[in-house]
Structure formats: structure tokens, C-alpha cells
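Participant: Below is the file structure26.txt, which contains compact mmCIF, C-alpha atoms.
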# COMPACT_ATOMS: atom_id res chain seq x y z
CA MET A 280 0.00 0.00 0.00
CA CYS A 281 2.78 2.39 0.90
CA ALA A 282 4.72 1.69 -2.31
CA ALA A 283 1.56 1.97 -4.42
CA GLN A 284 0.51 5.26 -2.84
CA ALA A 285 4.05 6.63 -3.18
CA GLY A 286 3.93 5.67 -6.86
CA LEU A 287 0.67 7.56 -7.33
CA LEU A 288 2.49 10.63 -5.98
CA GLY A 289 5.30 10.21 -8.50
CA LYS A 290 7.80 8.85 -5.98
CA LYS A 291 10.12 5.88 -6.49
CA THR A 292 10.37 2.98 -4.05
CA LEU A 293 12.07 -0.40 -3.81
CA LEU A 294 9.95 -3.03 -2.09
CA LEU A 295 11.97 -5.86 -0.54
CA GLU A 296 9.99 -9.10 -0.16
CA ARG A 297 11.49 -12.30 1.24
CA ASN A 298 8.83 -14.57 -0.33
CA ASP A 299 8.60 -15.63 -3.96
CA LYS A 300 5.35 -13.70 -4.33
CA PRO A 301 3.89 -10.65 -2.57
CA GLY A 302 0.94 -10.52 -0.19
CA ALA A 303 1.22 -14.01 1.30
CA LYS A 304 -0.75 -13.05 4.40
CA ILE A 305 -3.39 -11.23 2.37
CA LEU A 306 -3.92 -14.39 0.33
CA ILE A 307 -4.82 -16.53 3.36
CA SER A 308 -6.95 -13.94 5.17
CA GLY A 309 -10.65 -14.53 5.59
CA GLY A 310 -10.24 -18.13 4.46
CA GLY A 311 -8.75 -16.96 1.17
CA ARG A 312 -11.54 -14.44 0.63
CA CYS A 313 -9.94 -11.45 2.39
CA ASN A 314 -12.20 -9.24 4.52
CA PHE A 315 -10.29 -6.15 3.43
CA THR A 316 -11.85 -3.63 5.82
CA ASN A 317 -14.63 -3.18 8.35
CA LEU A 318 -17.41 -0.64 7.85
CA TYR A 319 -17.57 0.19 11.55
CA THR A 320 -13.87 0.80 12.21
CA THR A 321 -13.05 3.11 15.12
CA VAL A 322 -10.06 3.39 17.45
CA ASP A 323 -12.10 1.37 19.98
CA ASN A 324 -11.61 -1.73 17.83
CA PHE A 325 -7.88 -1.86 18.57
CA VAL A 326 -5.72 -3.15 21.40
CA SER A 327 -2.81 -0.85 22.20
CA GLU A 328 -1.24 1.02 25.08
CA ASN A 329 -2.46 4.12 23.24
CA PRO A 330 -5.28 3.39 20.76
CA GLN A 331 -5.98 7.13 20.41
CA PHE A 332 -2.71 7.29 18.45
CA LEU A 333 -4.74 5.97 15.50
CA ASN A 334 -6.89 9.09 15.22
CA ALA A 335 -4.32 11.07 13.21
CA VAL A 336 -3.84 8.25 10.69
CA PHE A 337 -7.53 7.37 10.36
CA ALA A 338 -8.30 11.06 9.76
CA GLN A 339 -6.16 10.82 6.61
CA TRP A 340 -7.45 7.49 5.29
CA THR A 341 -11.00 6.37 6.10
CA VAL A 342 -12.98 3.21 5.44
CA GLU A 343 -14.66 5.10 2.59
CA ASP A 344 -11.21 5.77 1.12
CA THR A 345 -10.43 2.05 1.24
CA VAL A 346 -13.70 1.14 -0.48
CA ARG A 347 -13.13 3.80 -3.16
CA PHE A 348 -9.49 2.74 -3.65
CA PHE A 349 -10.31 -0.88 -4.48
CA GLU A 350 -13.23 0.12 -6.67
CA ASN A 351 -11.19 2.67 -8.63
CA PHE A 352 -8.01 0.67 -9.08
CA GLY A 353 -9.34 -2.88 -9.24
CA GLY A 354 -13.04 -2.66 -9.99
CA ILE A 355 -13.52 -4.49 -6.69
CA ARG A 356 -16.76 -3.91 -4.87
CA GLY A 357 -17.21 -4.86 -1.24
CA GLU A 358 -19.95 -7.05 0.14
CA GLU A 359 -20.79 -6.90 3.84
CA LYS A 360 -20.95 -10.30 5.48
CA THR A 361 -20.95 -10.31 9.29
CA LEU A 362 -20.62 -7.37 11.68
CA GLY A 363 -19.36 -4.89 9.07
CA GLN A 364 -16.80 -7.21 7.48
CA LEU A 365 -16.32 -6.26 3.84
CA PHE A 366 -15.26 -8.95 1.36
CA PRO A 367 -14.64 -8.54 -2.37
CA THR A 368 -17.71 -9.68 -4.29
CA THR A 369 -15.42 -12.07 -6.19
CA ASN A 370 -14.56 -13.70 -2.82
CA LYS A 371 -10.92 -13.95 -3.95
CA ALA A 372 -8.07 -12.53 -1.88
CA LYS A 373 -5.79 -12.70 -4.92
CA ASP A 374 -7.88 -9.92 -6.50
CA ILE A 375 -6.84 -7.63 -3.63
CA VAL A 376 -3.16 -8.48 -4.16
CA SER A 377 -3.57 -7.87 -7.91
CA VAL A 378 -4.64 -4.28 -7.26
CA PHE A 379 -1.29 -3.62 -5.63
CA THR A 380 0.92 -5.51 -8.07
CA LYS A 381 -0.70 -3.71 -11.00
CA LEU A 382 -0.27 -0.32 -9.32
CA LEU A 383 3.39 -1.06 -8.58
CA TYR A 384 3.92 -1.94 -12.23
CA ASP A 385 1.92 1.00 -13.58
CA THR A 386 3.77 3.54 -11.42
CA GLY A 387 7.21 2.05 -12.06
CA GLN A 388 8.00 0.82 -8.55
CA ASN A 389 10.66 -1.83 -8.01
CA LEU A 390 9.70 -5.13 -6.34
CA TRP A 391 12.45 -7.58 -5.45
CA LEU A 392 11.17 -11.02 -4.49
CA ASN A 393 13.19 -13.75 -2.72
CA THR A 394 15.14 -11.01 -0.97
CA LEU A 395 16.01 -11.43 2.70
CA VAL A 396 16.69 -8.24 4.65
CA LYS A 397 19.30 -9.05 7.27
CA SER A 398 19.70 -5.67 8.96
CA VAL A 399 18.78 -1.99 8.87
CA GLU A 400 21.40 0.32 10.36
CA GLN A 401 21.93 4.05 10.58
CA SER A 402 24.60 5.50 8.32
CA VAL A 403 26.09 8.96 7.88
CA ASP A 404 23.49 10.10 5.35
CA GLY A 405 20.58 7.74 6.09
CA TYR A 406 20.42 3.97 6.39
CA SER A 407 22.37 0.93 5.25
CA ILE A 408 20.32 -2.15 4.47
CA THR A 409 22.06 -5.50 4.27
CA ILE A 410 20.22 -7.97 2.08
CA GLU A 411 20.74 -11.45 0.71
CA ARG A 412 19.57 -12.02 -2.85
CA ALA A 413 20.32 -14.88 -5.25
CA GLY A 414 22.74 -16.26 -2.70
CA LYS A 415 24.74 -13.06 -2.52
CA GLU A 416 24.92 -10.47 0.21
CA GLN A 417 24.83 -6.79 -0.70
CA ILE A 418 24.33 -3.45 1.03
CA LEU A 419 21.83 -0.84 -0.10
CA HIS A 420 21.99 2.82 0.90
CA THR A 421 18.93 5.03 1.28
CA LYS A 422 17.77 8.15 3.05
CA LYS A 423 14.39 6.70 3.94
CA VAL A 424 13.25 3.28 5.09
CA VAL A 425 9.73 1.97 5.72
CA LEU A 426 9.67 -0.94 8.15
CA ALA A 427 6.49 -2.87 7.38
CA SER A 428 7.58 -6.45 7.96
CA GLY A 429 4.65 -7.46 10.15
CA GLY A 430 4.88 -9.60 13.27
CA SER A 431 5.59 -13.16 14.34
CA PRO A 432 2.39 -15.06 13.38
CA VAL A 433 2.52 -17.74 10.69
CA ALA A 434 6.27 -18.19 10.26
CA LYS A 435 5.72 -20.57 7.34
CA LEU A 436 4.57 -17.55 5.33
CA GLY A 437 7.83 -15.75 6.05
CA ALA A 438 6.69 -13.88 9.16
CA SER A 439 9.35 -12.96 11.70
CA ASP A 440 10.19 -10.58 14.52
CA PHE A 441 12.61 -8.66 12.26
CA ALA A 442 10.93 -5.29 12.93
CA LEU A 443 11.12 -5.81 16.69
CA ARG A 444 14.78 -6.88 16.57
CA THR A 445 15.62 -3.85 14.44
CA ALA A 446 13.77 -1.50 16.79
CA ARG A 447 15.47 -2.93 19.89
CA LYS A 448 18.88 -2.67 18.23
CA LEU A 449 18.20 1.02 17.62
CA GLY A 450 17.11 1.46 21.23
CA MET A 451 13.42 1.94 20.48
CA GLN A 452 10.85 0.91 23.07
CA VAL A 453 8.92 -2.30 22.30
CA VAL A 454 5.69 -3.21 24.10
CA GLY A 455 5.61 -6.88 25.16
CA THR A 456 4.34 -9.13 22.42
CA ALA A 457 2.11 -12.24 22.39
CA PRO A 458 -0.10 -14.17 19.95
CA ALA A 459 -3.51 -12.53 19.46
CA LEU A 460 -6.71 -13.55 17.70
CA VAL A 461 -5.62 -17.04 18.63
CA PRO A 462 -7.39 -20.26 19.74
CA LEU A 463 -7.10 -21.09 23.45
CA THR A 464 -6.12 -24.43 24.95
CA ILE A 465 -7.62 -26.37 27.85
CA THR A 466 -5.60 -28.97 29.75
CA GLY A 467 -6.02 -30.94 32.97
CA LYS A 468 -9.24 -32.41 34.32
CA ASP A 469 -11.52 -30.48 31.92
CA ALA A 470 -9.59 -31.29 28.72
CA GLU A 471 -11.54 -34.45 27.96
CA TRP A 472 -14.88 -32.66 28.34
CA TYR A 473 -13.94 -30.00 25.76
CA ALA A 474 -12.48 -32.62 23.42
CA SER A 475 -15.74 -34.60 23.55
CA LEU A 476 -17.49 -31.58 22.02
CA SER A 477 -14.95 -31.07 19.24
CA GLY A 478 -16.63 -29.68 16.12
CA ASN A 479 -19.67 -28.31 17.96
CA SER A 480 -20.36 -24.60 17.64
CA VAL A 481 -22.66 -22.34 19.64
CA PHE A 482 -23.53 -18.64 19.52
CA ALA A 483 -22.40 -17.13 22.82
CA ARG A 484 -21.38 -14.02 24.70
CA VAL A 485 -17.78 -14.26 25.86
CA TYR A 486 -16.62 -11.64 28.33
CA ASN A 487 -14.23 -10.58 31.08
CA ASP A 488 -13.95 -7.38 33.10
CA ARG A 489 -12.45 -5.56 30.09
CA ILE A 490 -14.55 -6.48 27.05
CA ALA A 491 -17.41 -8.63 25.70
CA PHE A 492 -18.02 -10.26 22.31
CA GLU A 493 -21.14 -11.98 20.94
CA GLU A 494 -20.27 -14.42 18.17
CA ASN A 495 -19.85 -18.16 17.70
CA ILE A 496 -17.51 -20.26 19.81
CA LEU A 497 -16.15 -23.56 18.54
CA PHE A 498 -15.20 -26.51 20.73
CA THR A 499 -12.05 -28.31 19.58
CA HIS A 500 -10.11 -31.37 20.66
CA TRP A 501 -7.61 -29.05 22.37
CA GLY A 502 -9.89 -26.33 23.74
CA LEU A 503 -11.82 -23.42 22.25
CA SER A 504 -11.78 -21.48 19.00
CA GLY A 505 -14.29 -19.60 16.85
CA PRO A 506 -14.71 -15.83 16.35
CA ALA A 507 -15.72 -14.93 19.92
CA ILE A 508 -12.76 -16.84 21.39
CA LEU A 509 -10.28 -15.30 18.94
CA GLN A 510 -11.60 -11.87 19.90
CA ILE A 511 -11.37 -12.38 23.66
CA SER A 512 -7.86 -13.85 23.29
CA SER A 513 -6.53 -10.35 22.57
CA TYR A 514 -7.77 -9.30 26.01
CA TRP A 515 -6.84 -12.48 27.87
CA ARG A 516 -3.67 -13.02 29.91
CA ALA A 517 -2.23 -16.29 31.19
CA GLY A 518 -3.85 -17.44 34.43
CA GLU A 519 -7.02 -15.42 33.95
CA ILE A 520 -10.60 -16.69 33.87
CA PHE A 521 -13.25 -15.43 31.45
CA THR A 522 -16.98 -16.12 31.29
CA ILE A 523 -19.21 -17.54 28.58
CA ASP A 524 -22.94 -16.90 28.38
CA LEU A 525 -24.05 -19.92 26.37
CA LEU A 526 -27.53 -18.51 25.80
CA PRO A 527 -27.13 -14.73 25.41
CA LYS A 528 -30.36 -14.10 23.50
CA PHE A 529 -32.59 -15.64 26.20
CA LYS A 530 -33.01 -15.64 29.96
CA LEU A 531 -33.02 -19.25 31.13
CA GLU A 532 -34.69 -18.18 34.37
CA GLU A 533 -37.68 -16.95 32.33
CA LEU A 534 -37.73 -20.08 30.18
CA ILE A 535 -37.84 -22.26 33.28
CA LYS A 536 -40.62 -20.12 34.73
CA GLN A 537 -42.65 -20.47 31.51
CA GLU A 538 -42.21 -24.25 31.65
CA ARG A 539 -43.43 -24.30 35.25
CA ASN A 540 -46.50 -22.28 34.24
CA THR A 541 -47.44 -24.99 31.74
CA GLY A 542 -46.96 -27.83 34.22
CA GLY A 543 -43.19 -28.31 34.07
CA ARG A 544 -43.51 -31.84 32.69
CA ARG A 545 -40.44 -31.56 30.49
CA THR A 546 -36.95 -32.25 31.79
CA ILE A 547 -34.10 -29.73 31.87
CA GLY A 548 -32.51 -31.66 29.01
CA GLN A 549 -35.64 -31.38 26.87
CA LEU A 550 -35.77 -27.64 27.46
CA LEU A 551 -32.09 -27.21 26.56
CA ASN A 552 -32.59 -29.31 23.41
CA ASP A 553 -34.61 -26.37 22.05
CA TYR A 554 -31.45 -24.25 22.04
CA PHE A 555 -28.43 -26.57 21.81
CA THR A 556 -27.32 -29.60 19.83
CA LYS A 557 -27.96 -32.99 21.37
CA LYS A 558 -24.22 -33.44 21.86
CA ILE A 559 -23.89 -30.22 23.87
CA VAL A 560 -26.88 -31.06 26.06
CA GLU A 561 -25.44 -34.50 26.78
CA ALA A 562 -22.10 -32.92 27.70
CA LEU A 563 -23.83 -30.43 30.01
CA ALA A 564 -25.08 -33.42 32.00
CA LYS A 565 -21.70 -33.30 33.74
CA PHE A 566 -22.81 -30.05 35.38
CA LEU A 567 -26.61 -30.14 35.24
CA PRO A 568 -29.41 -32.54 36.27
CA ILE A 569 -30.72 -32.83 32.70
CA GLU A 570 -33.03 -35.75 33.56
CA THR A 571 -34.81 -33.80 36.28
CA LYS A 572 -38.31 -32.58 35.51
CA ILE A 573 -38.66 -28.81 35.69
CA ALA A 574 -41.70 -29.08 38.00
CA SER A 575 -39.57 -30.76 40.65
CA LEU A 576 -36.65 -28.33 40.51
CA GLY A 577 -35.79 -26.66 43.78
CA LYS A 578 -35.00 -22.93 43.82
CA ALA A 579 -31.29 -23.44 44.50
CA GLU A 580 -31.02 -26.12 41.84
CA ALA A 581 -32.78 -23.92 39.28
CA GLN A 582 -30.38 -21.08 40.08
CA ARG A 583 -27.37 -23.37 39.62
CA ILE A 584 -28.65 -24.33 36.17
CA VAL A 585 -29.13 -20.67 35.23
CA ASP A 586 -25.65 -19.78 36.50
CA THR A 587 -24.02 -22.65 34.62
CA ILE A 588 -25.57 -21.67 31.29
CA HIS A 589 -25.21 -17.89 31.61
CA THR A 590 -21.91 -17.69 33.53
CA PHE A 591 -19.86 -20.67 32.37
CA LYS A 592 -16.31 -20.11 33.67
CA VAL A 593 -13.25 -20.93 31.57
CA LYS A 594 -9.61 -20.89 32.62
CA PRO A 595 -7.45 -21.63 29.56
CA ALA A 596 -4.05 -23.22 30.01
CA GLY A 597 -2.60 -21.17 27.17
CA ASP A 598 -2.96 -20.45 23.47
CA LYS A 599 -2.05 -22.21 20.21
CA GLY A 600 0.90 -19.92 19.58
CA TYR A 601 2.05 -17.78 16.68
CA ASP A 602 1.51 -20.45 14.03
CA LYS A 603 -2.25 -20.40 14.71
CA ALA A 604 -2.54 -16.70 15.64
CA GLU A 605 -3.98 -14.22 13.16
CA VAL A 606 -1.91 -11.33 14.51
CA MET A 607 0.61 -10.30 17.14
CA ARG A 608 -0.30 -8.20 20.17
CA GLY A 609 2.18 -5.51 21.23
CA GLY A 610 5.04 -4.21 19.11
CA ILE A 611 7.01 -1.01 18.62
CA SER A 612 5.63 1.57 21.04
CA THR A 613 3.51 4.35 19.56
CA ASP A 614 5.52 6.71 21.81
CA GLU A 615 8.41 6.21 19.38
CA LEU A 616 6.45 7.44 16.36
CA LYS A 617 4.95 10.68 15.07
CA SER A 618 1.22 10.10 14.95
CA LYS A 619 0.55 11.75 11.58
CA THR A 620 3.46 10.41 9.53
CA LEU A 621 4.53 7.30 11.51
CA GLU A 622 8.14 8.47 11.28
CA ALA A 623 10.35 7.50 14.22
CA LYS A 624 10.80 10.53 16.45
CA ASN A 625 14.49 9.82 17.10
CA PHE A 626 15.39 8.39 13.70
CA PRO A 627 14.60 10.77 10.83
CA GLY A 628 13.72 8.89 7.65
CA LEU A 629 12.69 5.68 9.41
CA TYR A 630 8.98 4.85 9.29
CA VAL A 631 7.06 1.97 10.84
CA GLY A 632 3.56 0.74 9.98
CA GLY A 633 1.22 -2.21 10.26
CA GLU A 634 1.52 -5.13 12.63
CA ALA A 635 5.03 -4.19 13.75
CA VAL A 636 3.51 -1.31 15.74
CA ASP A 637 1.73 -1.74 19.09
CA ILE A 638 -1.68 -1.62 17.39
CA THR A 639 -3.73 -4.80 17.13
CA GLY A 640 -7.16 -4.80 15.54
CA TRP A 641 -10.11 -7.02 16.31
CA LEU A 642 -11.02 -9.89 14.03
CA GLY A 643 -12.96 -8.77 10.96
CA GLY A 644 -10.96 -6.48 8.67
CA TYR A 645 -9.74 -3.95 11.23
CA ASN A 646 -6.06 -4.86 10.87
CA PHE A 647 -6.27 -4.37 7.12
CA GLN A 648 -7.84 -0.93 7.56
CA TRP A 649 -4.93 0.03 9.83
CA ALA A 650 -2.43 -1.34 7.30
CA TRP A 651 -3.94 0.59 4.37
CA ALA A 652 -4.19 3.79 6.41
CA ALA A 653 -0.61 3.46 7.66
CA GLY A 654 0.66 2.84 4.12
CA PHE A 655 -1.13 5.92 2.85
CA ALA A 656 0.07 8.15 5.71
CA ILE A 657 3.71 7.09 5.33
CA ALA A 658 3.62 7.48 1.54
CA GLN A 659 2.66 11.15 1.91
CA ASP A 660 5.82 11.88 3.89
CA ILE A 661 8.59 9.76 2.40
Using the file provided, produce a representation of the structure as C-alpha cells.
Facilitator:
Amino acid sequence: MCAAQAGLLGKKTLLLERNDKPGAKILISGGGRCNFTNLYTTVDNFVSENPQFLNAVFAQWTVEDTVRFFENFGGIRGEEKTLGQLFPTTNKAKDIVSVFTKLLYDTGQNLWLNTLVKSVEQSVDGYSITIERAGKEQILHTKKVVLASGGSPVAKLGASDFALRTARKLGMQVVGTAPALVPLTITGKDAEWYASLSGNSVFARVYNDRIAFEENILFTHWGLSGPAILQISSYWRAGEIFTIDLLPKFKLEELIKQERNTGGRRTIGQLLNDYFTKKIVEALAKFLPIETKIASLGKAEAQRIVDTIHTFKVKPAGDKGYDKAEVMRGGISTDELKSKTLEAKNFPGLYVGGEAVDITGWLGGYNFQWAWAAGFAIAQDI
């Protein structure tokens, strides 16, 4: 995005890409369909020590700008799927990548593939970049460098902590990093229970004292996944407990009361079968008296059933790590960067954007919107 926007301004860039094709992470996003922005993007949809930092960048490049950009340069129209997520109507992530590769070609930008950047160091008149290309090492000299090498997730696509290592070497502050938008694991005595439900999905409200999300959760043989779990993972820390409301659209207390009013002949299991799969109801028998008739429920027992369904407690053992994470939490501190241009305050000519910065979007196109906006902002200044 940065190279393309710079090209539209008549500037010349060299884009160094370690893979044999550009946009590897774009190509796998959204299951290969690429939810390229979110219609409802605000700074509140980002995890950062200073999310307000985004205001200056988002003021320059809006969601409407993103939509217009892909329409104008690729004929790509967006289709809203869930919760503001915009996908190309073609449902092909490669169409998004094609917009950029065509723009790079049309504006005469240089793209070097299979090029490994080994270091970025300050020099007398700018920066020296050591690269390895075609088995040979060489040093490039430039006055301006844009560090947009992403974060650690999905190493098999070429991801690395290069940006963080470079920042630390220069003495820049880095906020602690961890996998985010990542499935969570369950071990110990409860592991078998979760594994028994592997493949079952349920719409739920997942929350802690910081945030709440209402989307599907997915039981797996190693724990929990699904959109709501990926979302809460960005706000979860090791050792913490979060809560799941397994029936957020209803009040089980009211449903039980209605059953009582009509005689209460059905069992708890029969009532729950109206809202959950048979497999989930059978699994809930570990915690609930599903064979008990509602008419014979005591007050305390009824309350325990309500609490179990609406405030189901989960204490994950950990997460599935960077290989299964969508993004990285943390990164180069926003305190190190100028908010409008994303230039490093103490290193003139060095810019940082995207996942390398301590800005992590929610699931659903937010991280792309930040990437496009950052690319645009930097391109105006380089």
C-alpha cells in the first residue's frame, strides 16, 4: 500500500519481499476471501497502550477511502458479510493483491522477491540495508526506510520478529508481544470434556472485566476457537478466567418459569434441546441434572442451572501460539512514532507501519484498515 501510494504521488520505491510472491498473508486472510476492511472501524476496535494514536492516521485514510481505492483501481466492490466485514464480491483474496501488483507496475515501482533483509542500520546520510539475494549479500543505501515487515504469526509464510529486533537494536521501546486472535487451549481435568465436544459450535457471549463479544464459539479437541474466542484472546492473559454466556439471547430463568406455568412436565434436558445440539446437552449433564423434571426443581437447583448456562467459567491453560494466531499483540511503542506520519521521532527517515507497531485490531478487517491507512500516511511523507 505504501509503495503503491508513493507511486501515485510520482515517488520511487524499492519493495523488498522475502517470499517468492507478494501478499502471502493477504492471500490466506478470511479463508482466502480477504475481509479487506470493516465498515464500523473506530479506534475502539484496537488493542494498544495508546489506541488514540490511530486518530491522526484514520483522519487521513478512512474506510470510505479504502472502499473507493479498491473500486477505482481494481473494480472491486465490497460485500458486507458479518458485523461490518467487507469482502470482495469475487470472494478472492488474490484480487486484492492484484490491485497492488498492478499499481506497482503502472507507477514504475521496483519489487524484489526472494530477498532477505538481514539488517537496517543508521549511516552517515541515512540507512544501510544488508540484504541477501540470489545467494549473494549486498548493502543498499537510502535516506528513507519503511519498516512494514509485520509480526511473528505464521512463520511458514515468512513472518518474523525482524521489525522488533531492528527497533530494539536502535534502542526503540517495544511493548511486550504475544499471539492474538488465537485459539485457546484447555488442559487438565476439563480437557476431555472440551475434546468430547470437538466440532460443535454455539452462539455465545464471551466476556471478562475488560470487554465482551457476541459471536460463535467452537469446541475443539484441544480447547476453544471460533470468532468470539479469537476476539477475547486479545484481552486475555495467562492465568485469567473469562466467562461464557451460552444462551445470550434468552433468559433461562424466564424459560424455566414459563415451563413451570405450563406444568413443568419436560426435563431440563428437553428444554435445553430447544437451544443446543444434542451433543452439547449430553455434555452439560456433567454439570446439570438434565433428567430432572422442571416441576420438581428446587430454587437453588434452578439457580445453579441458570448460572451454569449464563456464567460458564473458563480458565485456559494457554494459546495455540504464533503459528495459529492471526496477529501479534504488542510491538514497537507508539511513543516512538509521530502520529501523523509514523516516522520514528528519534530516527529521521525511518517509518514503521502495520503489525510491527503496538496496534492490534479485532477480528474482521480492522487490521487491514490500519495497514492501508498506515501505508497511505507514510507514503505522503517519504
Participant: Show me the residues around (9.3, 4.0, -3.3) - criterion: an atom at most 10 Å away, only C-alpha atoms counted - as a VMD selection string.
Facilitator: chain A and resid 281 to 286 288 to 294 383 386 to 390 423 to 425 658 661
Participant: At what distance in Å, to one decimal, does atom CA of Ala656 of chain A lie from atom CA of Val454 of chain A?
Facilitator: 22.3 Å
Participant: Which one of A:Gln510, A:Gly644, A:Phe337, A:Tyr406 sits closest to Arg312 of chain A if you count all atoms listed in the file?
Facilitator: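 Selected residue with least distance to Arg312 of chain A: A:Gly644.
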Participant: Have a look at A:Lys422, A:Lys397, A:Arg347, A:Lys304 and name the one nearest to Lys373 of chain A; count only C-alpha atoms.
Facilitator: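 Of A:Lys422, A:Lys397, A:Arg347, A:Lys304, the one nearest Lys373 of chain A is A:Lys304, counting only C-alpha atoms.
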Participant: Can you tell me, as number ranges by chain, which residues sit within 7 Å of (-14.6, -26.9, 22.1) in the file's frame, using all atoms listed in the file?
Facilitator: A: 473-474, 476-479, 497-500, 502-504
Participant: Within 12 Å of segment 295-302 of chain A, counting all atoms listed in the file, which residues qualify if same-chain residues fewer than 2 places away don't, as an NGL selection string?
Facilitator: :A and (280 or 282 or 292-293 or 304-308 or 311 or 313 or 372-381 or 383 or 388-397 or 408-413 or 419 or 424-429 or 434-439 or 441 or 647)
Participant: Segment 302-313 of chain A, all listed atoms, 5 Å padding on each side: what axis-aligned box centre and edge lengths in Å to one decimal come out, as AutoDock Vina command-line options?
Facilitator:
--center_x -5.2 --center_y -14.3 --center_z 2.7 --size_x 22.8 --size_y 17.6 --size_z 15.8
Participant: Here is a test: counting only C-alpha atoms, which residue of A:Val636, A:Ile465, A:Ala459, A:Ile355 is nearest to Trp649 of chain A?
Facilitator: A:Val636
Participant: What is the distance, in Å and to one decimal place, between atom CA of Asp385 of chain A and atom CA of Gly654 of chain A?
Facilitator: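 Answer for the atom CA of Asp385 of chain A to atom CA of Gly654 of chain A separation: 17.8 Å.
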Participant: Would you fill the gaps in segment 403-418 of chain A so it has N, CA, C and O atoms, then print it as a PDB file, in the frame of the given file?
Facilitator:
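Result went into rebuild_13.pdb, see below:
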ATOM      1  N   VAL A 403      25.815   7.514   7.820  1.00  0.00           N
ATOM      2  CA  VAL A 403      26.090   8.960   7.880  1.00  0.00           C
ATOM      3  C   VAL A 403      24.975   9.773   7.228  1.00  0.00           C
ATOM      4  O   VAL A 403      24.543  10.798   7.753  1.00  0.00           O
ATOM      5  N   ASP A 404      24.497   9.318   6.067  1.00  0.00           N
ATOM      6  CA  ASP A 404      23.490  10.100   5.350  1.00  0.00           C
ATOM      7  C   ASP A 404      22.142   9.379   5.219  1.00  0.00           C
ATOM      8  O   ASP A 404      21.386   9.630   4.301  1.00  0.00           O
ATOM      9  N   GLY A 405      21.861   8.452   6.133  1.00  0.00           N
ATOM     10  CA  GLY A 405      20.580   7.740   6.090  1.00  0.00           C
ATOM     11  C   GLY A 405      20.675   6.369   6.705  1.00  0.00           C
ATOM     12  O   GLY A 405      20.994   6.227   7.892  1.00  0.00           O
ATOM     13  N   TYR A 406      20.457   5.339   5.882  1.00  0.00           N
ATOM     14  CA  TYR A 406      20.420   3.970   6.390  1.00  0.00           C
ATOM     15  C   TYR A 406      21.113   3.004   5.432  1.00  0.00           C
ATOM     16  O   TYR A 406      21.042   3.161   4.205  1.00  0.00           O
ATOM     17  N   SER A 407      21.760   2.015   6.020  1.00  0.00           N
ATOM     18  CA  SER A 407      22.370   0.930   5.250  1.00  0.00           C
ATOM     19  C   SER A 407      21.532  -0.322   5.478  1.00  0.00           C
ATOM     20  O   SER A 407      21.260  -0.694   6.626  1.00  0.00           O
ATOM     21  N   ILE A 408      21.141  -0.956   4.379  1.00  0.00           N
ATOM     22  CA  ILE A 408      20.320  -2.150   4.470  1.00  0.00           C
ATOM     23  C   ILE A 408      21.091  -3.331   3.889  1.00  0.00           C
ATOM     24  O   ILE A 408      21.437  -3.328   2.707  1.00  0.00           O
ATOM     25  N   THR A 409      21.363  -4.299   4.724  1.00  0.00           N
ATOM     26  CA  THR A 409      22.060  -5.500   4.270  1.00  0.00           C
ATOM     27  C   THR A 409      21.043  -6.538   3.835  1.00  0.00           C
ATOM     28  O   THR A 409      20.149  -6.894   4.615  1.00  0.00           O
ATOM     29  N   ILE A 410      21.163  -6.996   2.610  1.00  0.00           N
ATOM     30  CA  ILE A 410      20.220  -7.970   2.080  1.00  0.00           C
ATOM     31  C   ILE A 410      20.960  -9.185   1.521  1.00  0.00           C
ATOM     32  O   ILE A 410      22.152  -9.120   1.233  1.00  0.00           O
ATOM     33  N   GLU A 411      20.211 -10.265   1.369  1.00  0.00           N
ATOM     34  CA  GLU A 411      20.740 -11.450   0.710  1.00  0.00           C
ATOM     35  C   GLU A 411      19.808 -11.784  -0.450  1.00  0.00           C
ATOM     36  O   GLU A 411      18.605 -11.975  -0.261  1.00  0.00           O
ATOM     37  N   ARG A 412      20.378 -11.813  -1.651  1.00  0.00           N
ATOM     38  CA  ARG A 412      19.570 -12.020  -2.850  1.00  0.00           C
ATOM     39  C   ARG A 412      20.345 -12.903  -3.828  1.00  0.00           C
ATOM     40  O   ARG A 412      21.515 -12.656  -4.106  1.00  0.00           O
ATOM     41  N   ALA A 413      19.685 -13.927  -4.321  1.00  0.00           N
ATOM     42  CA  ALA A 413      20.320 -14.880  -5.250  1.00  0.00           C
ATOM     43  C   ALA A 413      21.612 -15.432  -4.668  1.00  0.00           C
ATOM     44  O   ALA A 413      22.614 -15.603  -5.366  1.00  0.00           O
ATOM     45  N   GLY A 414      21.581 -15.672  -3.353  1.00  0.00           N
ATOM     46  CA  GLY A 414      22.740 -16.260  -2.700  1.00  0.00           C
ATOM     47  C   GLY A 414      23.878 -15.307  -2.416  1.00  0.00           C
ATOM     48  O   GLY A 414      24.924 -15.702  -1.889  1.00  0.00           O
ATOM     49  N   LYS A 415      23.679 -14.047  -2.739  1.00  0.00           N
ATOM     50  CA  LYS A 415      24.740 -13.060  -2.520  1.00  0.00           C
ATOM     51  C   LYS A 415      24.282 -11.974  -1.561  1.00  0.00           C
ATOM     52  O   LYS A 415      23.132 -11.543  -1.584  1.00  0.00           O
ATOM     53  N   GLU A 416      25.219 -11.544  -0.735  1.00  0.00           N
ATOM     54  CA  GLU A 416      24.920 -10.470   0.210  1.00  0.00           C
ATOM     55  C   GLU A 416      25.329  -9.137  -0.406  1.00  0.00           C
ATOM     56  O   GLU A 416      26.368  -9.022  -1.049  1.00  0.00           O
ATOM     57  N   GLN A 417      24.481  -8.129  -0.235  1.00  0.00           N
ATOM     58  CA  GLN A 417      24.830  -6.790  -0.700  1.00  0.00           C
ATOM     59  C   GLN A 417      24.256  -5.741   0.255  1.00  0.00           C
ATOM     60  O   GLN A 417      23.362  -6.047   1.054  1.00  0.00           O
ATOM     61  N   ILE A 418      24.781  -4.540   0.154  1.00  0.00           N
ATOM     62  CA  ILE A 418      24.330  -3.450   1.030  1.00  0.00           C
ATOM     63  C   ILE A 418      23.721  -2.343   0.189  1.00  0.00           C
ATOM     64  O   ILE A 418      24.317  -1.884  -0.793  1.00  0.00           O
TER      65      ILE A 418
END
